[in-house]
file structure-v4.txt (compact mmCIF, C-alpha atoms)
# COMPACT_ATOMS: atom_id res chain seq x y z
CA MET N 406 141.01 -10.10 114.69
CA GLU N 407 139.84 -13.69 115.21
CA ASN N 408 143.17 -14.71 116.74
CA LEU N 409 143.15 -11.73 119.07
CA ASP N 410 139.57 -12.34 120.20
CA TYR N 411 140.11 -16.02 120.89
CA ALA N 412 143.44 -15.38 122.60
CA ARG N 413 141.80 -12.83 124.87
CA LEU N 414 138.89 -15.17 125.62
CA GLN N 415 141.20 -18.07 126.42
CA MET N 416 143.38 -15.99 128.71
CA ALA N 417 140.37 -14.48 130.46
CA PHE N 418 138.66 -17.85 130.90
CA THR N 419 141.67 -19.69 132.28
CA LEU N 420 142.76 -16.80 134.47
CA GLY N 421 139.21 -16.53 135.80
CA PHE N 422 139.38 -20.14 136.97
CA HIS N 423 142.97 -20.04 138.19
CA ILE N 424 142.48 -16.97 140.34
CA ILE N 425 139.82 -18.80 142.36
CA PHE N 426 141.93 -21.93 142.82
CA ALA N 427 145.00 -19.86 143.69
CA CYS N 428 143.24 -17.61 146.21
CA ILE N 429 141.68 -20.54 148.05
CA GLY N 430 145.08 -22.25 148.10
CA MET N 431 146.64 -19.07 149.54
CA VAL N 432 144.15 -18.58 152.36
CA MET N 433 142.96 -22.01 153.56
CA PRO N 434 146.31 -22.89 155.19
CA PHE N 435 145.72 -20.07 157.67
CA PHE N 436 142.36 -21.56 158.70
CA MET N 437 144.12 -24.89 159.11
CA VAL N 438 146.93 -23.60 161.35
CA VAL N 439 144.53 -21.63 163.57
CA SER N 440 142.42 -24.76 164.07
CA HIS N 441 145.59 -26.78 164.68
CA HIS N 442 146.74 -24.23 167.27
CA LYS N 443 143.39 -24.51 169.05
CA TRP N 444 143.76 -28.30 169.05
CA LEU N 445 147.22 -28.05 170.63
CA LYS N 446 145.88 -25.70 173.31
CA THR N 447 142.58 -27.39 174.14
CA ARG N 448 142.90 -31.00 172.86
CA ASN N 449 139.32 -30.64 171.74
CA PRO N 450 138.81 -33.38 169.08
CA VAL N 451 136.57 -31.01 167.10
CA TYR N 452 139.62 -28.90 166.19
CA LEU N 453 141.70 -31.94 165.25
CA LYS N 454 138.99 -33.21 162.91
CA LEU N 455 138.59 -29.74 161.41
CA THR N 456 142.35 -29.32 160.95
CA LYS N 457 142.67 -32.61 159.07
CA ALA N 458 139.63 -31.83 156.92
CA TRP N 459 141.06 -28.43 155.96
CA LEU N 460 144.45 -30.06 155.34
CA LYS N 461 142.88 -32.24 152.66
CA GLY N 462 141.32 -29.12 151.13
CA VAL N 463 144.70 -27.37 151.14
CA ALA N 464 146.29 -30.35 149.37
CA ILE N 465 143.50 -30.43 146.74
CA PHE N 466 143.81 -26.73 145.95
CA PHE N 467 147.61 -26.86 145.99
CA VAL N 468 147.54 -29.46 143.22
CA THR N 469 144.74 -27.70 141.34
CA GLY N 470 146.51 -24.35 141.52
CA ALA N 471 149.73 -25.95 140.30
CA VAL N 472 147.97 -27.51 137.29
CA SER N 473 146.03 -24.38 136.31
CA GLY N 474 149.04 -22.14 136.94
CA THR N 475 151.27 -24.31 134.77
CA ALA N 476 148.72 -24.09 131.96
CA LEU N 477 148.72 -20.30 132.28
CA SER N 478 152.50 -20.14 132.07
CA PHE N 479 152.38 -22.08 128.80
CA GLU N 480 149.65 -19.76 127.55
CA LEU N 481 151.81 -16.69 128.02
CA GLY N 482 154.30 -18.03 125.51
CA MET N 483 151.75 -19.63 123.21
CA LEU N 484 149.27 -16.74 123.00
CA TRP N 485 151.52 -13.71 123.49
CA PRO N 486 154.97 -14.54 122.07
CA GLU N 487 155.88 -10.95 121.23
CA PHE N 488 155.08 -9.90 124.80
CA MET N 489 157.20 -12.67 126.30
CA LYS N 490 160.06 -11.96 123.90
CA HIS N 491 160.55 -8.52 125.45
CA ALA N 492 158.95 -8.86 128.88
CA GLY N 493 160.53 -12.19 129.84
CA PRO N 494 164.02 -10.83 130.58
CA ILE N 495 162.53 -7.87 132.47
CA ILE N 496 159.97 -9.53 134.74
CA GLY N 497 161.63 -12.92 134.98
CA MET N 498 162.70 -12.21 138.57
CA PRO N 499 159.27 -12.30 140.25
CA PHE N 500 158.34 -15.42 138.29
CA SER N 501 161.60 -17.10 139.36
CA LEU N 502 161.04 -16.12 142.98
CA GLU N 503 157.46 -17.37 142.74
CA GLY N 504 158.84 -20.72 141.65
CA ALA N 505 161.10 -20.76 144.72
CA ALA N 506 158.16 -19.90 147.00
CA PHE N 507 156.13 -22.67 145.39
CA PHE N 508 159.01 -25.10 146.01
CA VAL N 509 159.16 -24.14 149.71
CA GLU N 510 155.37 -24.48 149.96
CA ALA N 511 155.52 -27.96 148.44
CA ILE N 512 158.22 -29.09 150.91
CA ALA N 513 156.31 -27.65 153.88
CA LEU N 514 153.10 -29.31 152.69
CA GLY N 515 154.92 -32.64 152.54
CA PHE N 516 156.15 -32.21 156.13
CA TYR N 517 152.69 -31.22 157.30
CA LEU N 518 150.83 -34.00 155.46
CA TYR N 519 153.06 -36.81 156.67
CA GLY N 520 154.36 -35.37 159.93
CA TRP N 521 151.45 -36.32 162.19
CA ASN N 522 152.83 -38.23 165.21
CA LYS N 523 156.30 -38.20 163.60
CA LEU N 524 157.49 -34.60 164.09
CA PRO N 525 157.58 -32.54 167.30
CA GLU N 526 154.11 -30.98 167.64
CA LYS N 527 155.23 -27.35 167.53
CA PHE N 528 157.52 -27.89 164.55
CA HIS N 529 154.75 -29.76 162.76
CA TRP N 530 152.38 -26.83 163.37
CA PHE N 531 155.04 -24.38 162.16
CA THR N 532 155.35 -26.18 158.82
CA GLY N 533 151.67 -25.31 158.33
CA VAL N 534 152.50 -21.65 158.92
CA ILE N 535 155.20 -21.91 156.24
CA ILE N 536 152.61 -23.27 153.79
CA GLY N 537 150.44 -20.19 154.32
CA ILE N 538 153.27 -17.66 154.16
CA SER N 539 154.74 -19.25 151.02
CA GLY N 540 151.34 -19.26 149.34
CA VAL N 541 150.78 -15.57 150.03
CA LEU N 542 154.30 -14.74 148.83
CA SER N 543 153.62 -16.63 145.59
CA GLY N 544 150.50 -14.56 145.03
CA ILE N 545 152.29 -11.28 145.75
CA LEU N 546 155.12 -12.14 143.35
CA VAL N 547 152.73 -12.96 140.50
CA VAL N 548 150.77 -9.76 141.13
CA ALA N 549 154.05 -7.82 141.06
CA ALA N 550 154.58 -9.07 137.50
CA ASN N 551 151.05 -7.97 136.61
CA GLY N 552 151.74 -4.63 138.27
CA TRP N 553 154.67 -4.17 135.88
CA MET N 554 152.26 -4.50 132.95
CA ASN N 555 150.27 -1.61 134.42
CA ALA N 556 153.30 0.43 135.45
CA PRO N 557 156.25 -0.67 133.27
CA SER N 558 159.63 0.27 134.73
CA GLY N 559 163.17 -1.04 135.00
CA PHE N 560 164.15 -0.53 131.35
CA GLU N 561 164.55 2.04 128.61
CA TYR N 562 162.44 1.79 125.46
CA ILE N 563 164.46 3.14 122.54
CA ASN N 564 163.52 2.67 118.88
CA GLY N 565 161.28 -0.25 119.69
CA GLU N 566 163.96 -2.02 121.75
CA PHE N 567 163.99 -2.73 125.50
CA THR N 568 167.44 -1.83 126.82
CA ASN N 569 169.25 -1.11 130.12
CA VAL N 570 167.13 -3.66 131.97
CA ASP N 571 166.99 -3.45 135.78
CA PRO N 572 165.01 -6.51 137.04
CA VAL N 573 164.86 -5.23 140.63
CA GLN N 574 163.34 -1.92 139.59
CA ALA N 575 160.92 -3.78 137.31
CA PHE N 576 159.93 -6.05 140.19
CA LEU N 577 159.42 -3.10 142.55
CA ASN N 578 157.38 -1.18 140.00
CA PRO N 579 155.08 1.67 141.10
CA ALA N 580 151.97 -0.54 141.00
CA TRP N 581 153.20 -3.65 142.81
CA PHE N 582 152.40 -2.59 146.39
CA SER N 583 148.89 -1.27 145.83
CA GLN N 584 147.92 -4.22 143.62
CA ALA N 585 149.50 -6.83 145.93
CA LEU N 586 147.83 -5.37 149.02
CA HIS N 587 144.42 -5.12 147.36
CA MET N 588 144.67 -8.61 145.83
CA THR N 589 145.84 -10.29 149.05
CA LEU N 590 143.01 -8.78 151.06
CA ALA N 591 140.56 -9.71 148.30
CA ALA N 592 141.78 -13.32 148.43
CA PHE N 593 141.16 -13.45 152.19
CA VAL N 594 137.73 -11.84 151.85
CA ALA N 595 136.56 -14.10 149.03
CA THR N 596 137.88 -17.35 150.48
CA SER N 597 136.83 -16.61 154.06
CA PHE N 598 133.26 -15.65 153.21
CA GLY N 599 133.04 -18.57 150.76
CA VAL N 600 134.20 -21.11 153.34
CA ALA N 601 132.11 -19.52 156.10
CA GLY N 602 129.04 -19.66 153.86
CA ILE N 603 129.51 -23.38 153.23
CA HIS N 604 129.72 -24.05 156.97
CA ALA N 605 126.69 -21.81 157.60
CA PHE N 606 124.74 -23.98 155.16
CA GLN N 607 125.75 -27.13 157.05
CA ILE N 608 124.64 -25.51 160.33
CA LEU N 609 121.24 -24.78 158.78
CA ARG N 610 121.04 -28.46 157.81
CA GLY N 611 121.83 -29.44 161.40
CA LYS N 612 124.92 -31.40 160.37
CA SER N 613 127.75 -31.63 162.95
CA VAL N 614 126.80 -28.20 164.27
CA GLU N 615 129.66 -27.94 166.77
CA VAL N 616 132.28 -28.64 164.11
CA HIS N 617 130.76 -26.27 161.57
CA LYS N 618 130.27 -23.45 164.10
CA SER N 619 133.95 -23.70 165.03
CA ALA N 620 134.91 -23.67 161.35
CA PHE N 621 132.60 -20.75 160.63
CA LYS N 622 134.08 -18.60 163.40
CA ILE N 623 137.67 -19.23 162.27
CA ALA N 624 136.96 -18.51 158.60
CA ILE N 625 134.71 -15.49 159.07
CA SER N 626 137.17 -13.87 161.52
CA PHE N 627 139.76 -13.67 158.74
CA GLY N 628 137.17 -12.47 156.25
CA ALA N 629 135.67 -9.82 158.50
CA ILE N 630 139.06 -8.26 159.28
CA ALA N 631 140.10 -8.31 155.61
CA ALA N 632 136.76 -6.88 154.47
CA LEU N 633 137.04 -3.96 156.91
CA LEU N 634 140.61 -3.25 155.74
CA GLN N 635 139.74 -3.54 152.04
CA PRO N 636 138.33 0.02 151.67
CA ILE N 637 141.70 1.37 152.83
CA SER N 638 143.56 -0.62 150.19
CA GLY N 639 140.90 0.38 147.67
CA ASP N 640 141.60 4.04 148.40
CA ILE N 641 145.34 3.46 147.92
CA SER N 642 144.66 1.68 144.61
CA ALA N 643 142.28 4.39 143.37
CA LYS N 644 144.82 7.14 144.00
CA ASP N 645 147.52 5.08 142.30
CA VAL N 646 145.34 4.48 139.22
CA ALA N 647 144.33 8.16 139.09
CA GLU N 648 147.99 9.16 138.92
CA ARG N 649 149.27 6.53 136.46
CA GLN N 650 146.26 5.40 134.39
CA PRO N 651 143.78 8.27 134.09
CA ALA N 652 141.94 6.60 131.20
CA LYS N 653 141.27 3.56 133.38
CA LEU N 654 139.97 5.78 136.19
CA ALA N 655 137.67 7.60 133.79
CA ALA N 656 136.37 4.26 132.47
CA MET N 657 135.82 2.94 135.99
CA GLU N 658 133.53 5.85 136.73
CA ALA N 659 132.32 6.31 133.11
CA HIS N 660 133.35 9.98 133.15
CA PHE N 661 133.45 11.38 129.65
CA GLU N 662 133.95 15.07 130.42
CA THR N 663 136.98 16.57 132.13
CA GLU N 664 135.88 18.56 135.15
CA GLU N 665 136.98 19.99 138.45
CA GLY N 666 135.12 18.78 141.51
CA ALA N 667 134.08 15.63 139.63
CA PRO N 668 131.16 13.69 141.11
CA LEU N 669 131.22 10.00 141.96
CA PHE N 670 128.72 7.89 140.03
CA LEU N 671 126.86 5.09 141.77
CA GLY N 672 125.23 2.64 139.38
CA GLY N 673 123.90 3.95 136.09
CA ILE N 674 123.63 2.61 132.55
CA VAL N 675 126.48 3.56 130.22
CA ASP N 676 125.59 4.96 126.80
CA GLU N 677 128.94 4.90 124.98
CA GLU N 678 127.46 6.19 121.74
CA ASN N 679 126.16 9.39 123.32
CA LYS N 680 128.96 9.46 125.91
CA GLU N 681 126.77 9.66 128.98
CA VAL N 682 125.57 7.62 131.96
CA ASN N 683 121.85 7.39 132.59
CA TYR N 684 119.99 6.60 135.84
CA LYS N 685 123.07 7.18 137.97
CA ILE N 686 123.31 8.54 141.49
CA GLU N 687 125.83 11.39 141.80
CA ILE N 688 127.81 12.27 144.90
CA PRO N 689 129.17 15.80 144.24
CA ASN N 690 132.96 16.28 144.29
CA ALA N 691 133.48 12.77 145.69
CA LEU N 692 135.54 11.37 142.77
CA SER N 693 137.97 14.30 142.90
CA PHE N 694 138.48 13.70 146.60
CA LEU N 695 138.84 9.93 146.33
CA ALA N 696 141.26 10.18 143.42
CA PHE N 697 143.40 13.12 144.55
CA GLY N 698 142.42 13.98 148.13
CA ASP N 699 141.06 17.34 146.95
CA PHE N 700 137.35 18.05 146.48
CA ASP N 701 138.15 20.52 143.69
CA ALA N 702 140.80 18.51 141.82
CA GLU N 703 140.47 18.06 138.07
CA VAL N 704 139.62 14.59 136.81
CA LYS N 705 140.33 13.87 133.15
CA GLY N 706 137.41 12.56 131.15
CA LEU N 707 137.49 9.94 128.41
CA ASN N 708 137.04 12.63 125.77
CA GLU N 709 140.63 13.72 126.48
CA PHE N 710 142.05 10.47 125.11
CA PRO N 711 142.32 9.16 121.53
CA ASP N 712 139.50 6.78 120.63
CA ASP N 713 141.91 3.91 120.08
CA GLU N 714 143.30 4.26 123.63
CA ILE N 715 139.98 4.10 125.47
CA PRO N 716 139.13 0.79 127.19
CA PRO N 717 135.65 -0.79 126.90
CA VAL N 718 133.87 1.70 129.15
CA ALA N 719 130.68 -0.20 129.93
CA ILE N 720 132.50 -3.42 130.90
CA VAL N 721 134.96 -1.61 133.16
CA HIS N 722 132.29 0.59 134.76
CA TYR N 723 129.91 -2.27 135.55
CA ALA N 724 132.72 -4.47 136.88
CA PHE N 725 133.91 -1.64 139.11
CA GLN N 726 130.41 -1.07 140.45
CA VAL N 727 130.02 -4.78 141.20
CA MET N 728 133.38 -4.89 142.99
CA VAL N 729 132.69 -1.83 145.14
CA GLY N 730 129.09 -2.77 145.87
CA ILE N 731 129.92 -6.29 147.01
CA GLY N 732 132.98 -5.07 148.92
CA THR N 733 130.80 -2.63 150.86
CA LEU N 734 128.24 -5.34 151.64
CA LEU N 735 130.90 -7.75 152.88
CA ALA N 736 132.50 -5.05 155.06
CA LEU N 737 129.09 -4.49 156.68
CA ALA N 738 128.72 -8.25 157.10
CA GLY N 739 132.11 -8.36 158.81
CA LEU N 740 130.97 -5.64 161.20
CA LEU N 741 127.79 -7.63 161.83
CA PHE N 742 129.86 -10.69 162.76
CA PHE N 743 131.90 -8.78 165.33
CA ILE N 744 128.72 -7.37 166.87
CA SER N 745 127.26 -10.89 167.01
CA LEU N 746 130.19 -11.97 169.22
CA LYS N 747 128.69 -9.70 171.88
CA LYS N 748 125.05 -10.49 171.04
CA LYS N 749 125.37 -14.26 171.05
CA SER N 750 121.60 -14.73 170.73
CA TRP N 751 121.90 -13.67 167.06
CA MET N 752 123.63 -16.98 166.30
CA ASP N 753 120.52 -18.84 167.46
CA ASN N 754 118.49 -17.19 164.72
CA LYS N 755 118.30 -19.03 161.39
CA LYS N 756 118.23 -15.72 159.54
CA TYR N 757 121.82 -15.10 160.72
CA TRP N 758 123.04 -18.30 159.10
CA TRP N 759 120.94 -17.75 155.96
CA PHE N 760 122.55 -14.32 155.56
CA PHE N 761 126.09 -15.65 155.66
CA MET N 762 125.21 -18.64 153.49
CA LEU N 763 123.89 -16.33 150.77
CA LEU N 764 127.09 -14.26 150.93
CA ALA N 765 129.28 -17.29 150.10
CA PRO N 766 129.75 -16.69 146.33
CA LEU N 767 129.80 -12.88 146.44
CA GLY N 768 133.45 -12.49 147.41
CA PHE N 769 134.57 -14.50 144.40
CA LEU N 770 132.25 -12.48 142.16
CA ALA N 771 133.90 -9.28 143.47
CA LEU N 772 137.32 -10.88 142.96
CA GLU N 773 136.57 -11.61 139.31
CA ALA N 774 135.09 -8.15 138.81
CA GLY N 775 138.24 -6.59 140.24
CA TRP N 776 140.42 -8.47 137.77
CA VAL N 777 138.18 -7.35 134.94
CA VAL N 778 138.75 -3.75 136.04
CA THR N 779 142.51 -4.30 136.23
CA GLU N 780 142.94 -6.15 132.93
CA VAL N 781 140.20 -4.78 130.69
CA GLY N 782 140.76 -1.29 132.07
CA ARG N 783 144.36 -1.41 130.78
CA GLN N 784 143.29 -2.14 127.20
CA PRO N 785 144.32 -1.64 124.44
CA TRP N 786 147.74 -2.07 126.09
CA ILE N 787 149.36 -5.30 127.21
CA ILE N 788 152.31 -3.22 128.49
CA TYR N 789 150.79 0.12 129.38
CA GLN N 790 151.64 2.77 126.75
CA ILE N 791 154.46 0.57 125.41
CA MET N 792 152.96 -2.42 123.60
CA ARG N 793 149.41 -2.96 122.35
CA THR N 794 147.70 -6.27 122.96
CA SER N 795 147.08 -6.64 119.23
CA ASP N 796 150.84 -6.42 118.60
CA ALA N 797 151.64 -9.17 121.11
CA VAL N 798 149.22 -11.88 119.96
CA THR N 799 150.40 -15.05 118.24
CA PRO N 800 150.08 -15.30 114.44
CA MET N 801 149.33 -19.03 114.80
CA PRO N 802 146.00 -19.90 113.11
CA GLY N 803 143.21 -21.97 114.61
CA MET N 804 143.12 -20.36 118.05
CA LYS N 805 139.44 -21.26 118.45
CA PHE N 806 140.39 -24.94 118.85
CA SER N 807 142.89 -24.08 121.57
CA PHE N 808 140.23 -22.01 123.33
CA PHE N 809 137.63 -24.78 123.37
CA MET N 810 140.21 -27.35 124.45
CA TYR N 811 141.19 -25.21 127.44
CA VAL N 812 137.52 -24.60 128.28
CA ALA N 813 136.93 -28.36 128.39
CA VAL N 814 140.01 -28.99 130.56
CA TYR N 815 139.17 -26.28 133.08
CA ILE N 816 135.52 -27.28 133.35
CA LEU N 817 136.62 -30.86 134.02
CA LEU N 818 139.07 -29.55 136.63
CA ALA N 819 136.31 -27.50 138.32
CA ILE N 820 133.93 -30.48 138.39
CA THR N 821 136.63 -32.69 139.90
CA VAL N 822 137.47 -30.15 142.62
CA THR N 823 133.78 -29.67 143.45
CA TRP N 824 133.30 -33.45 143.79
CA LEU N 825 136.37 -33.80 146.00
CA MET N 826 135.29 -30.95 148.27
CA GLN N 827 131.80 -32.42 148.62
CA ARG N 828 133.44 -35.63 149.83
CA GLN N 829 135.39 -33.69 152.45
CA ILE N 830 132.24 -31.99 153.74
CA LYS N 831 130.43 -35.33 153.99
CA ALA N 832 133.37 -36.75 155.94
CA LEU N 833 133.31 -33.76 158.28
CA ASN N 834 129.59 -34.31 158.88
CA THR N 835 130.30 -37.69 160.46
CA GLN N 836 131.49 -35.85 163.59
CA LYS N 837 129.18 -36.54 166.51
CA ASP N 838 128.15 -33.50 168.56
call {"tool": "encode", "arguments": {"input": "structure-v4.txt", "output": "structure tokens"}}
result
Amino acid sequence: MENLDYARLQMAFTLGFHIIFACIGMVMPFFMVVSHHKWLKTRNPVYLKLTKAWLKGVAIFFVTGAVSGTALSFELGMLWPEFMKHAGPIIGMPFSLEGAAFFVEAIALGFYLYGWNKLPEKFHWFTGVIIGISGVLSGILVVAANGWMNAPSGFEYINGEFTNVDPVQAFLNPAWFSQALHMTLAAFVATSFGVAGIHAFQILRGKSVEVHKSAFKIAISFGAIAALLQPISGDISAKDVAERQPAKLAAMEAHFETEEGAPLFLGGIVDEENKEVNYKIEIPNALSFLAFGDFDAEVKGLNEFPDDEIPPVAIVHYAFQVMVGIGTLLALAGLLFFISLKKKSWMDNKKYWWFFMLLAPLGFLALEAGWVVTEVGRQPWIIYQIMRTSDAVTPMPGMKFSFFMYVAVYILLAITVTWLMQRQIKALNTQKD
């Protein structure tokens, strides 16, 4: 069990870091091209300075995402060789296409970085658009591979062998759309509110207020729209999980008993030993409706499943509550921002900027919680109902050393990125209002 535990910890730790780097790298190019477009239209030097500052951020996170993503690709083979032995030929297509998207993104980034005053202005701006589109496509393709792990398709499993492989069907598995939509919106929410919060903090400090207000409005506009759309994608995801992974749904809501007209639990403390949830708030019939569109639909409880096929209920339930709670708060914050565009006096109140500054880390916390729900909620399966995680792990001894080595590398990477971004903010603060 030691190998399995350390392999899980290493994968969780490195994926937890990479997902942040990758999401920021996906979304920041869109801030950059909007600011660049405003510069081309207005010739306001504020937008030019902001565009070049965000460009440096995009370059930093492109490199960081490439490094952390490469490490993860090695980990798949090193930690889970039995999984890759069978899954590689089936889900190789989205990974190959992701590599192509990454290649296009790298070329476009090169044009954009070195094309100032050398390329026609509109073409130069368009290469920035390509950076953003390629980044989002890379994310969608990787999530499609993860969707296959939750909804395996495109093959026949006969006598322990994977045969009659159809890579296209595997790529377009039943889970890819709902997961890709939810993840893409989550990336925009987390990055937008994170970036907006940083600029709100600089406004409170009185540093280059005009620049930071412009940056705040661009970033939070993306985040507000994504946050208001996220409940729709969440509903699509919930219905998909209810149909394909009923044990995960039951763990998300910590429902132990099968019942018709199942209530939705808000909060609560899970008691796995006694199979109950204490101190919860119940909304009658709401889970049945959210899962199946019918207030009287039957929802399977965890007691219906074998003990060795039930995920860690408390972890999944708490992560789900964190994700939904923060998502609701950020949607309300997005609505508040749109109202503030009409009530401009709100932006003169320090409490407004304090509010958005305090929201900065919450989107990433919700992002991580969502991945915990997705990955831990699938356990004990690495390929849902096909291969157990314990059967895929490497037999190589000494995994604890690999784990601590990766922890050290990723912490160093995080410190380096933080230092570089602080430098960019200081440079941006030299702008005179």
call {"tool": "closest_residue", "arguments": {"input": "structure-v4.txt", "among": "N:Ile641, N:Ala605, N:Thr799, N:Pro636", "to": "Trp759 (chain N)", "atoms": "only C-alpha atoms"}}
result
N:Ala605
call {"tool": "residues_around", "arguments": {"input": "structure-v4.txt", "residues": "region 589-599 of chain N", "least_positions_apart": "2", "cutoff": "7 Å", "atoms": "all atoms listed in the file", "output": "PyMOL selection string"}}
result
chain N and resi 428-429+432+585-587+601-603+624-625+627-628+631-632+635+764-766+768-769+772
call {"tool": "atom_distance", "arguments": {"input": "structure-v4.txt", "atom1": "CA of Met826 (chain N)", "atom2": "CA of Trp459 (chain N)"}}
result
9.9 Å
call {"tool": "closest_residue", "arguments": {"input": "structure-v4.txt", "among": "N:Trp521, N:Trp530, N:Phe576, N:Phe426", "to": "Pro499 (chain N)", "atoms": "all atoms listed in the file"}}
result
N:Phe576
call {"tool": "atom_distance", "arguments": {"input": "structure-v4.txt", "atom1": "CA of Leu741 (chain N)", "atom2": "CA of Ser642 (chain N)"}}
result
25.8 Å
call {"tool": "residues_around", "arguments": {"input": "structure-v4.txt", "residues": "Phe694 (chain N)", "least_positions_apart": "2", "cutoff": "10 Å", "atoms": "only C-alpha atoms", "output": "PyMOL selection string"}}
result
chain N and resi 644+666-669+689-692+696-704
call {"tool": "closest_residue", "arguments": {"input": "structure-v4.txt", "among": "N:Trp485, N:Ala513, N:Ile637, N:Phe507", "to": "Asn408 (chain N)", "atoms": "only C-alpha atoms"}}
result
N:Trp485
call {"tool": "atom_distance", "arguments": {"input": "structure-v4.txt", "atom1": "CA of Glu526 (chain N)", "atom2": "CA of Ile623 (chain N)"}}
result
20.9 Å
call {"tool": "closest_residue", "arguments": {"input": "structure-v4.txt", "among": "N:Lys612, N:Ala797, N:Ala832, N:Ile425", "to": "Lys457 (chain N)", "atoms": "all atoms listed in the file"}}
result
N:Ala832
call {"tool": "closest_residue", "arguments": {"input": "structure-v4.txt", "among": "N:Ile608, N:Val463, N:Leu695, N:Leu833", "to": "Gly537 (chain N)", "atoms": "only C-alpha atoms"}}
result
N:Val463
call {"tool": "closest_residue", "arguments": {"input": "structure-v4.txt", "among": "N:Thr456, N:Gln415, N:Thr532, N:Gln574", "to": "Leu477 (chain N)", "atoms": "all atoms listed in the file"}}
result
N:Gln415
call {"tool": "residues_near_point", "arguments": {"input": "structure-v4.txt", "point": "(128.3, -17.8, 161.5)", "cutoff": "9 Å", "atoms": "only C-alpha atoms", "output": "list in words"}}
result
Ala601, Gly602, His604, Ala605, Ile608, His617, Lys618, Ser619, Ala620, Phe621, Lys622, Ile625, Phe742, Ser745, Met752, Tyr757, Trp758, Phe760, Phe761 and Met762 of chain N
call {"tool": "residues_around", "arguments": {"input": "structure-v4.txt", "residues": "Glu658 (chain N)", "least_positions_apart": "2", "cutoff": "8 Å", "atoms": "all atoms listed in the file", "output": "list of chain:residue names"}}
result
N:Leu654, N:Ala655, N:Ala656, N:His660, N:Leu669, N:Phe670, N:His722, N:Phe725
call {"tool": "write_last_selection", "arguments": {"input": "structure-v4.txt", "atoms": "C-alpha atoms", "output": "tab-separated table (two decimals), in the coordinates of the input"}}
result
chain	number	residue	atom	x	y	z
N	654	LEU	CA	139.97	5.78	136.19
N	655	ALA	CA	137.67	7.60	133.79
N	656	ALA	CA	136.37	4.26	132.47
N	660	HIS	CA	133.35	9.98	133.15
N	669	LEU	CA	131.22	10.00	141.96
N	670	PHE	CA	128.72	7.89	140.03
N	722	HIS	CA	132.29	0.59	134.76
N	725	PHE	CA	133.91	-1.64	139.11
call {"tool": "axis_aligned_box", "arguments": {"input": "structure-v4.txt", "around": "region 747-759 of chain N", "padding_each_side": "8 Å", "output": "lines of an AutoDock Vina configuration file"}}
result
center_x = 123.5
center_y = -14.4
center_z = 163.9
size_x = 26.5
size_y = 25.3
size_z = 31.9
call {"tool": "decode", "arguments": {"input": "structure-v4.txt", "residues": "region 630-652 of chain N", "atoms": "C-alpha atoms", "output": "compact mmCIF listing (two decimals), in the first residue's frame"}}
result
# COMPACT_ATOMS: atom_id res chain seq x y z
CA ILE N 630 -19.58 36.13 -17.51
CA ALA N 631 -17.96 32.74 -16.86
CA ALA N 632 -19.17 32.68 -13.24
CA LEU N 633 -22.77 33.35 -14.31
CA LEU N 634 -22.56 30.59 -16.94
CA GLN N 635 -20.93 28.09 -14.57
CA PRO N 636 -24.18 26.97 -12.86
CA ILE N 637 -25.50 25.91 -16.27
CA SER N 638 -22.44 23.78 -16.95
CA GLY N 639 -22.65 22.48 -13.39
CA ASP N 640 -26.20 21.30 -14.02
CA ILE N 641 -25.07 19.53 -17.22
CA SER N 642 -22.22 17.87 -15.32
CA ALA N 643 -24.44 16.80 -12.42
CA LYS N 644 -26.93 15.11 -14.73
CA ASP N 645 -24.08 13.40 -16.58
CA VAL N 646 -22.55 12.09 -13.34
CA ALA N 647 -25.96 10.94 -12.07
CA GLU N 648 -26.41 8.83 -15.19
CA ARG N 649 -22.90 7.35 -15.49
CA GLN N 650 -21.38 7.43 -11.99
CA PRO N 651 -24.14 7.09 -9.39
CA ALA N 652 -21.67 6.23 -6.62
